[in-house]
Amino acid sequence: MKKNVFGKVTQAVTIGALTVAAAVTVVPTATAAGTSGKTNGCYSTWGNTAFTGHCNPVTVSGQFNNWGVCDWQTDRGSGYHRWSKGFVGKWGTRECSFKVLRSYILYSNG
């Protein structure tokens, strides 16, 4: 009888620990932050769930898209913005629901 009770207690503790471990690995946490490399004078910064494009200044006129790689959802962009050489400013802030893994600038001269 004692052996059986001990076995059930061990089994219950093991199941509880596995349940907690599964919950921890399934729920994403939002703790990332960073800065991309520059593309023609523009770069992207990201924090927990948001990412923003910056230009300081644009070195080649064209169209710039601030693109974010989101965790647990489809990646997204700000849409293309046409900036002239010399433009300085922040633009194209977007959000991810859970976490931004990284962001970067896409460029087109069209």
# chains A, B, ... in the order shown; residues from 1 in each chain; ligands from 1
call {"tool": "closest_atom_pairs", "arguments": {"of": "region 46-91 of chain A", "to": "region 95-98 of chain A", "cutoff": "10 Å", "atoms": "only C-alpha atoms", "output": "JSON lines"}}
result
{"residue": "A:Trp46", "atom": "CA", "partner": "A:Glu95", "partner_atom": "CA", "distance": 9.5}
{"residue": "A:Gly47", "atom": "CA", "partner": "A:Glu95", "partner_atom": "CA", "distance": 9.7}
{"residue": "A:Asn48", "atom": "CA", "partner": "A:Phe98", "partner_atom": "CA", "distance": 8.0}
{"residue": "A:Thr49", "atom": "CA", "partner": "A:Cys96", "partner_atom": "CA", "distance": 5.1}
{"residue": "A:Ala50", "atom": "CA", "partner": "A:Glu95", "partner_atom": "CA", "distance": 4.4}
{"residue": "A:Phe51", "atom": "CA", "partner": "A:Glu95", "partner_atom": "CA", "distance": 6.5}
{"residue": "A:Thr52", "atom": "CA", "partner": "A:Glu95", "partner_atom": "CA", "distance": 9.1}
{"residue": "A:Gly68", "atom": "CA", "partner": "A:Cys96", "partner_atom": "CA", "distance": 8.0}
{"residue": "A:Val69", "atom": "CA", "partner": "A:Cys96", "partner_atom": "CA", "distance": 8.4}
{"residue": "A:Cys70", "atom": "CA", "partner": "A:Cys96", "partner_atom": "CA", "distance": 5.7}
{"residue": "A:Asp71", "atom": "CA", "partner": "A:Phe98", "partner_atom": "CA", "distance": 6.3}
{"residue": "A:Trp72", "atom": "CA", "partner": "A:Phe98", "partner_atom": "CA", "distance": 7.1}
{"residue": "A:Gln73", "atom": "CA", "partner": "A:Ser97", "partner_atom": "CA", "distance": 7.7}
{"residue": "A:Thr74", "atom": "CA", "partner": "A:Cys96", "partner_atom": "CA", "distance": 8.8}
{"residue": "A:Asp75", "atom": "CA", "partner": "A:Cys96", "partner_atom": "CA", "distance": 8.1}
{"residue": "A:Arg76", "atom": "CA", "partner": "A:Cys96", "partner_atom": "CA", "distance": 8.0}
{"residue": "A:Gly77", "atom": "CA", "partner": "A:Glu95", "partner_atom": "CA", "distance": 9.5}
{"residue": "A:Ser78", "atom": "CA", "partner": "A:Glu95", "partner_atom": "CA", "distance": 9.7}
call {"tool": "select_by_dssp", "arguments": {"residues": "region 20-86 of chain A", "states": "alpha helix (DSSP H)", "output": "PyMOL selection string"}}
result
chain A and resi 20-26
call {"tool": "residues_around", "arguments": {"residues": "Trp91 (chain A)", "least_positions_apart": "3", "cutoff": "10 Å", "atoms": "only C-alpha atoms", "output": "list in words"}}
result
Ser44, Phe51, Thr52, Gly53, His54, Cys55, Phe64, Asn65, Asn66, Ser78, His81, Val88 and Arg94 of chain A
call {"tool": "closest_residue", "arguments": {"among": "A:Ser108, A:Pro57, A:Val100, A:Ser84", "to": "Cys42 (chain A)", "atoms": "only C-alpha atoms"}}
result
A:Pro57
call {"tool": "atom_distance", "arguments": {"atom1": "CA of Thr39 (chain A)", "atom2": "CA of Gln63 (chain A)"}}
result
11.2 Å
call {"tool": "residues_around", "arguments": {"residues": "Val58 (chain A)", "least_positions_apart": "2", "cutoff": "6 Å", "atoms": "only C-alpha atoms", "output": "MDAnalysis selection string"}}
result
chainID A and resid 40:41 55 60 85:87
call {"tool": "residues_around", "arguments": {"residues": "Gly62 (chain A)", "least_positions_apart": "5", "cutoff": "8 Å", "atoms": "only C-alpha atoms", "output": "number ranges by chain"}}
result
A: 82-84, 107-110
call {"tool": "atom_distance", "arguments": {"atom1": "CA of Trp67 (chain A)", "atom2": "CA of Leu106 (chain A)"}}
result
6.9 Å
call {"tool": "closest_residue", "arguments": {"among": "A:Ala33, A:Gly92, A:Tyr80, A:Ser61", "to": "Thr45 (chain A)", "atoms": "only C-alpha atoms"}}
result
A:Ala33
